[in-house]
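S.K.: I have a structure I would like to understand better, so I am pasting it below and will then ask my questions one at a time.
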Amino acid sequence: MARLLIVSNRLPISVRVDRGALCLTRSSGGLAAAMRGPHERMCAVWIGWPGSVAGLTPEQRQDADAALAGIRAVPVHLGATEQHRFYDGFSNGVLWPLFHYLLDKVNLDAELDWEAYQRVNERFADAVAEQYAPGDMIWVHDYQLMLLPALLRRRLPGAQIGFFLHVPFPSAEVFRILPWREQIVRGLLGADLLGFHTAGYRKNFAASAAHVLDLDPDEAAIEHDGRRVALGVHPISVDAAEVARIAAHPAVREEAARIRAEARGRKIVLGIDRLDYTKGIPRRLLAIERFLEREPELRDNVRFIQLAVPTREMAGAYADFRRIVHEMVGRINGQHGTTQATPIHYIHRSLPLDQVVALYVAADVMLVTPLRDGMNLVAKEYVAARVDDDGALILSEFAGAASELAEAIAVNPYDIGSVAAAVKRALTMPAAEQRTRMAALRRRVDTSDVHAWAQSFLDDLDRAAAPASEAAGAVSARREMPESVVERVRQAPQRVWILDYDGTLVPFAPMPDLAAP
Ligand code: G6P
């Protein structure tokens with residue numbers, strides 16, 4: 001039976017050893033959260049990195065493999081140095097900051113990291129080819145695996161290959177900075193369908209491909225190497241029904257009531273993010289500080305809660321960033337705290353999903369202010385959890401979600417004053433307005449959920465891959481033509497020859513005049 005093969009850097013379950021014991025934990029981040037539901041519903045196979053298994057005893061390794069096999073997860077094991085160069089070095093040291101427009105963080109002297117990136121993509125290609133059976137659909141995910149579509153196309157020419165990018169695709173002027181821009185574009189163009197969250201990201205990719213490969217794409221497709229690569233817009237979402245189900249669970253409501261009781265009548269303003277420099281946490285903290293200074297009447301009636309989920313802790317940029325955030329929280333609390341109250345409640349660890357949902361249920365206002373974000377599923381989860389249609393969402397205009405969630409309070413996260421004003425506006429918004437906005441947001445998140453997203457991507461992939469094989473048929477039909485063509489040419493009373501010149505009779509030259517016969 002044909003299957004769906006999901007391929008991403010990280011598996012939904014991560015394996016590690018904690019004080020000698022084997023631990024299997026849910027992986028954090030938007031990709032794992034989003035694909036978990038479709039993986040289960042479609043009985044798909046998920047191929048990816050399970051975390052480092054170096055410290056595992058042979059028995060623990062067996063247990064880990066059995067646990068992964070039980071959830072149809074196929075591990076791609078990577079050596080420590082290779083993984084560090086591929087993941088911390090190239091994926092998160094070059095591509096991540098570049099694609100999020102944080103150019104000062106991009107390491108452009110990353111030749112060894114680039115080599116590891118290529119090798120690891122090859123490793124993934126081998127692993128996928130090993131699992132593949134004719135008829136399977138392959139769905140590759142995200143910026144860590146951008147060479148994989150072309151590597152797979154070489155190994156499995158007839159396969160249906162889709163690729164979805166979970167991060168923004170930057171403007172062509174930014175992308176062209178990348179020394180390896182051509183290889184990346186060629187790698188992606190091995191797919192039948194490339195999916196992006198927004199029309200803007202798709203446009204940026206089309207412009208980059210046009211620039212880098214001197215192609216002439218329209219926005220919906222690129223002709224390359226005799227193949228047609230479709231470009232789609234597929235805004236990812238959350239499992240809204242599942243989040244609402246958790247939010248309505250009595251234990252979760254009880255937990256939410258406890259969080260509210262602890263706030264002792266204060267309104268709760270919540271932030272939840274991986275502790276990543278793209279998420280805008282320092283500027284958000286400054287906006288909170290501005291609010292505390294500017295709003296003496298409101299400040300004592302508010303409790304800010306920031307959940308910062310640890311992430312990419314081995315990378316230097318993240319350690320520095322963590323220190324900056326911790327110092328800022330300490331400084332602001334020191335300056336504005338009293339014996340009765342601490343303005344910012346800061347939690348630096350990963351919480352189970354039901355506790356996260358309890359926070360969503362308890363929060364009057366959700367602050368989502370990334371400097372740049374592919375989509376941001378926290379915003380959509382908050383909306384899905386507001387089963388009573390109340391609460392207010394403040395959303396960065398630089399998150400992909402902003403192009404869909406128009407009823408949120410939109411802010412420029414770089415503008416501290418306007419974020420502080422948005423917090424005030426959200427806290428004082430009349431209940432009727434809150435309800436109108438939240439009901440509209442919920443309708444959208446409910447109807448376009450993650451299952452609809454996955455289905456629409458796979459339907460488009462099916463359509464995109466079909467004409468590709470017909471086109472391949474047409475090429476081979478033309479190859480078989482010469483006999484009959486020769487015969488007809490021979491019998492024609494008059495013959496007109498129309499020939500292309502450079503690129504056909506002679507190779508391309510840098511300038512047409514140099515293409516001498
Ligand atoms: C973002 C990326 C994902 C990534 C996730 C968590 O959502 O788009 O590809 O998996 O962050 O980051 P990590 O580096 O821990 O996998």
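Labels used: A, B, ... for chains in the order of the structure tokens, numbers from 1 for residues in each chain, and numbers from 1 for ligands as shown.
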Throw together the list of residues within 6 Å of ligand 1, counting only C-alpha atoms and all ligand atoms, and drop it here as a ChimeraX atom specification.
M.R.: /A:10,28-31,142,166-167,311-312
S.K.: Per DSSP on the backbone, filter segment 39-136 of chain A down to the residues in helix (DSSP H, G or I) and report them as a ChimeraX atom specification.
M.R.: /A:39-41,58-70,80-99,103-105,111-131
S.K.: Can you list, as a list in words, every protein, DNA or RNA residue that comes within 7 Å of Arg274 of chain A when you count only C-alpha atoms, leaving out same-chain residues fewer than 3 positions away?
M.R.: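 Residues meeting the cut-off are Ala308, Val309, Pro310 and Thr311 of chain A.
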S.K.: Near Leu78 of chain A, within 9 Å and counting only C-alpha atoms, which residues show up once chain neighbours fewer than 2 positions away are dropped, as a VMD selection string?
M.R.: chain A and resid 49 51 to 53 76 80 to 83 120 123
S.K.: Would you output that residue set with all heavy atoms, as a short mmCIF file (atom, residue, chain, number, x, y, z; two decimals), in the first residue's frame?
M.R.:
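File out-v5.cif, as written:
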```
data_model
loop_
_atom_site.label_atom_id
_atom_site.label_comp_id
_atom_site.auth_asym_id
_atom_site.auth_seq_id
_atom_site.Cartn_x
_atom_site.Cartn_y
_atom_site.Cartn_z
N TRP A 49 16.07 12.74 12.55
CA TRP A 49 17.11 12.58 13.57
C TRP A 49 16.46 12.41 14.94
O TRP A 49 15.60 13.21 15.32
CB TRP A 49 17.99 13.84 13.55
CG TRP A 49 19.13 13.82 14.50
CD1 TRP A 49 20.20 12.96 14.50
CD2 TRP A 49 19.36 14.73 15.59
NE1 TRP A 49 21.06 13.27 15.51
CE2 TRP A 49 20.58 14.35 16.21
CE3 TRP A 49 18.66 15.82 16.10
CZ2 TRP A 49 21.09 15.03 17.30
CZ3 TRP A 49 19.17 16.49 17.19
CH2 TRP A 49 20.39 16.09 17.78
N GLY A 51 17.92 12.62 17.92
CA GLY A 51 18.74 13.12 19.03
C GLY A 51 19.98 12.24 19.10
O GLY A 51 20.08 11.22 18.42
N SER A 52 20.91 12.67 19.95
CA SER A 52 22.17 11.92 20.02
C SER A 52 21.98 10.64 20.84
O SER A 52 21.50 10.67 21.97
CB SER A 52 23.24 12.80 20.67
OG SER A 52 24.33 11.97 20.97
N VAL A 53 22.40 9.51 20.24
CA VAL A 53 22.26 8.25 20.95
C VAL A 53 23.63 7.76 21.46
O VAL A 53 23.76 6.64 21.92
CB VAL A 53 21.62 7.16 20.05
CG1 VAL A 53 20.18 7.51 19.73
CG2 VAL A 53 22.43 6.96 18.77
N VAL A 76 17.50 8.59 11.63
CA VAL A 76 18.73 8.79 10.85
C VAL A 76 19.77 9.22 11.88
O VAL A 76 19.70 10.32 12.43
CB VAL A 76 18.56 9.90 9.79
CG1 VAL A 76 19.85 10.11 9.01
CG2 VAL A 76 17.40 9.58 8.86
N ALA A 80 28.50 13.01 16.19
CA ALA A 80 28.41 14.26 16.95
C ALA A 80 28.96 15.45 16.17
O ALA A 80 28.33 16.51 16.09
CB ALA A 80 29.15 14.09 18.28
N THR A 81 30.14 15.31 15.56
CA THR A 81 30.75 16.45 14.87
C THR A 81 29.94 16.81 13.63
O THR A 81 29.67 17.98 13.35
CB THR A 81 32.19 16.09 14.42
OG1 THR A 81 32.82 15.44 15.52
CG2 THR A 81 32.97 17.29 14.00
N GLU A 82 29.53 15.77 12.92
CA GLU A 82 28.76 15.99 11.69
C GLU A 82 27.44 16.71 12.02
O GLU A 82 27.06 17.68 11.37
CB GLU A 82 28.46 14.60 11.11
CG GLU A 82 27.84 14.61 9.75
CD GLU A 82 27.73 13.20 9.21
OE1 GLU A 82 27.24 12.32 9.95
OE2 GLU A 82 28.14 12.97 8.06
N GLN A 83 26.81 16.23 13.09
CA GLN A 83 25.53 16.82 13.48
C GLN A 83 25.73 18.27 13.90
O GLN A 83 24.94 19.14 13.54
CB GLN A 83 24.94 15.98 14.62
CG GLN A 83 23.46 16.18 14.84
CD GLN A 83 23.17 17.33 15.79
OE1 GLN A 83 24.05 17.73 16.56
NE2 GLN A 83 21.97 17.85 15.74
N VAL A 120 25.04 15.46 5.18
CA VAL A 120 23.87 15.01 5.96
C VAL A 120 22.64 14.91 5.05
O VAL A 120 21.85 13.97 5.16
CB VAL A 120 23.63 15.93 7.17
CG1 VAL A 120 22.29 15.61 7.83
CG2 VAL A 120 24.76 15.77 8.18
N ARG A 123 22.91 11.71 3.46
CA ARG A 123 22.54 10.64 4.39
C ARG A 123 21.03 10.47 4.45
O ARG A 123 20.49 9.37 4.47
CB ARG A 123 23.08 10.95 5.80
CG ARG A 123 24.58 10.93 5.92
CD ARG A 123 25.10 9.50 6.08
NE ARG A 123 24.51 8.87 7.26
CZ ARG A 123 24.93 9.07 8.50
NH1 ARG A 123 25.99 9.83 8.71
NH2 ARG A 123 24.34 8.48 9.52
#
```
S.K.: Using only C-alpha atoms, find the one residue out of A:Val140, A:Val94, A:Leu193, A:Ala150 that sits nearest to Phe457 of chain A.
M.R.: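 Selected residue with least distance to Phe457 of chain A: A:Leu193.
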S.K.: Can you measure atom CA of Pro413 of chain A to atom CA of Thr278 of chain A for me? One decimal in Å is fine.
M.R.: 10.9 Å
S.K.: I'd like to know which of A:Arg442, A:Lys267, A:Arg61, A:Arg228 is closest to Arg303 of chain A, using only C-alpha atoms.
M.R.: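 Between A:Arg442, A:Lys267, A:Arg61, A:Arg228, the residue approaching Arg303 of chain A most closely is A:Lys267.
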S.K.: Would you mind listing what lies within 9 Å of Ala431 of chain A as an MDAnalysis selection string, with only C-alpha atoms counted and same-chain residues fewer than 3 positions away left out?
M.R.: chainID A and resid 390:391 428 434:436
S.K.: Could those selected residues go to a file with all heavy atoms, as a PDB file, in the first residue's frame?
M.R.:
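Listed below is the output, part_30.pdb:
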```
ATOM      1  N   ASP A 390     -13.350  34.820  24.335  1.00  0.00           N
ATOM      2  CA  ASP A 390     -12.863  36.062  24.931  1.00  0.00           C
ATOM      3  C   ASP A 390     -11.337  36.069  24.847  1.00  0.00           C
ATOM      4  O   ASP A 390     -10.728  35.152  24.317  1.00  0.00           O
ATOM      5  CB  ASP A 390     -13.347  36.212  26.386  1.00  0.00           C
ATOM      6  CG  ASP A 390     -12.981  34.983  27.215  1.00  0.00           C
ATOM      7  OD1 ASP A 390     -12.341  34.070  26.664  1.00  0.00           O
ATOM      8  OD2 ASP A 390     -13.336  34.947  28.402  1.00  0.00           O
ATOM      9  N   GLY A 391     -10.719  37.124  25.391  1.00  0.00           N
ATOM     10  CA  GLY A 391      -9.259  37.239  25.316  1.00  0.00           C
ATOM     11  C   GLY A 391      -8.855  38.070  24.110  1.00  0.00           C
ATOM     12  O   GLY A 391      -9.635  38.251  23.171  1.00  0.00           O
ATOM     13  N   THR A 428      -7.810  47.050  28.042  1.00  0.00           N
ATOM     14  CA  THR A 428      -8.992  47.897  28.265  1.00  0.00           C
ATOM     15  C   THR A 428     -10.046  47.708  27.164  1.00  0.00           C
ATOM     16  O   THR A 428     -11.013  48.455  27.103  1.00  0.00           O
ATOM     17  CB  THR A 428      -8.566  49.388  28.318  1.00  0.00           C
ATOM     18  OG1 THR A 428      -7.806  49.678  27.132  1.00  0.00           O
ATOM     19  CG2 THR A 428      -7.712  49.693  29.523  1.00  0.00           C
ATOM     20  N   GLN A 434     -13.841  42.349  22.106  1.00  0.00           N
ATOM     21  CA  GLN A 434     -13.017  41.131  22.261  1.00  0.00           C
ATOM     22  C   GLN A 434     -13.715  39.934  21.639  1.00  0.00           C
ATOM     23  O   GLN A 434     -13.122  39.159  20.893  1.00  0.00           O
ATOM     24  CB  GLN A 434     -12.824  40.816  23.741  1.00  0.00           C
ATOM     25  CG  GLN A 434     -11.674  41.517  24.375  1.00  0.00           C
ATOM     26  CD  GLN A 434     -11.325  40.884  25.733  1.00  0.00           C
ATOM     27  OE1 GLN A 434     -11.762  39.788  26.067  1.00  0.00           O
ATOM     28  NE2 GLN A 434     -10.523  41.587  26.496  1.00  0.00           N
ATOM     29  N   ARG A 435     -15.003  39.807  21.953  1.00  0.00           N
ATOM     30  CA  ARG A 435     -15.775  38.662  21.497  1.00  0.00           C
ATOM     31  C   ARG A 435     -15.894  38.646  19.973  1.00  0.00           C
ATOM     32  O   ARG A 435     -15.734  37.604  19.337  1.00  0.00           O
ATOM     33  CB  ARG A 435     -17.178  38.714  22.115  1.00  0.00           C
ATOM     34  CG  ARG A 435     -17.486  37.528  22.955  1.00  0.00           C
ATOM     35  CD  ARG A 435     -18.744  37.736  23.762  1.00  0.00           C
ATOM     36  NE  ARG A 435     -18.422  37.930  25.156  1.00  0.00           N
ATOM     37  CZ  ARG A 435     -17.973  36.961  25.950  1.00  0.00           C
ATOM     38  NH1 ARG A 435     -17.822  35.738  25.493  1.00  0.00           N
ATOM     39  NH2 ARG A 435     -17.657  37.196  27.203  1.00  0.00           N
ATOM     40  N   THR A 436     -16.172  39.814  19.393  1.00  0.00           N
ATOM     41  CA  THR A 436     -16.324  39.883  17.935  1.00  0.00           C
ATOM     42  C   THR A 436     -15.017  39.474  17.265  1.00  0.00           C
ATOM     43  O   THR A 436     -14.994  38.674  16.328  1.00  0.00           O
ATOM     44  CB  THR A 436     -16.663  41.340  17.508  1.00  0.00           C
ATOM     45  OG1 THR A 436     -17.713  41.786  18.332  1.00  0.00           O
ATOM     46  CG2 THR A 436     -17.040  41.419  16.054  1.00  0.00           C
TER      47      THR A 436
END
```
S.K.: Of the candidates A:His141, A:Arg26, A:Arg181, A:Arg260, which shows the shortest atom-to-atom distance to Ile161 of chain A, using only C-alpha atoms?
M.R.: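 Nearest to Ile161 of chain A: A:His141.
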S.K.: So which one's closest to Gly195 of chain A, A:Ala315, A:Arg154, A:Arg444, A:Gly162? Using only C-alpha atoms, please.
M.R.: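 Going through A:Ala315, A:Arg154, A:Arg444, A:Gly162 one by one, the smallest distance to Gly195 of chain A is for A:Gly162.
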S.K.: List the neighbours of Ile138 of chain A out to 8 Å using only C-alpha atoms; skip same-chain residues closer than 4 positions along the sequence, and give me the result as a PDB file with C-alpha atoms, in the first residue's frame.
M.R.:
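Once written, part_10.pdb looks like this:
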```pdb
ATOM      1  CA  LEU A   4       3.331   8.930   3.038  1.00  0.00           C
ATOM      2  CA  LEU A   5       6.974   9.373   4.019  1.00  0.00           C
ATOM      3  CA  ILE A   6       7.454  12.489   6.163  1.00  0.00           C
ATOM      4  CA  VAL A   7      11.075  13.630   6.269  1.00  0.00           C
ATOM      5  CA  ALA A 159       8.801   9.638  -7.135  1.00  0.00           C
ATOM      6  CA  GLN A 160       6.251  12.252  -6.048  1.00  0.00           C
ATOM      7  CA  ILE A 161       8.316  14.673  -3.986  1.00  0.00           C
ATOM      8  CA  GLY A 162       6.897  17.630  -2.062  1.00  0.00           C
TER       9      GLY A 162
END
```
S.K.: Of the residues A:Asp214, A:Glu483, A:Ala384, A:Glu397, which is the one nearest to Ala440 of chain A, using only C-alpha atoms?
M.R.: A:Ala384
S.K.: For each of A:Leu351, A:Ala358, A:Ala408, A:Leu270, take the minimum atom-to-atom distance to Ile288 of chain A, counting only C-alpha atoms, then give the residue where this is smallest.
M.R.: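 For Ile288 of chain A, the nearest of the given residues is A:Leu270.
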S.K.: Can you pull out every residue within 10 Å of Leu353 of chain A, counting only C-alpha atoms, but drop anything in the same chain fewer than 6 positions away, and send it as a ChimeraX atom specification?
M.R.: /A:26,243,246,359
S.K.: One decimal, in Å: what's the spacing between atom CA of Val450 of chain A and atom CA of Arg372 of chain A?
M.R.: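 One can read the atom CA of Val450 of chain A to atom CA of Arg372 of chain A distance as 21.3 Å.
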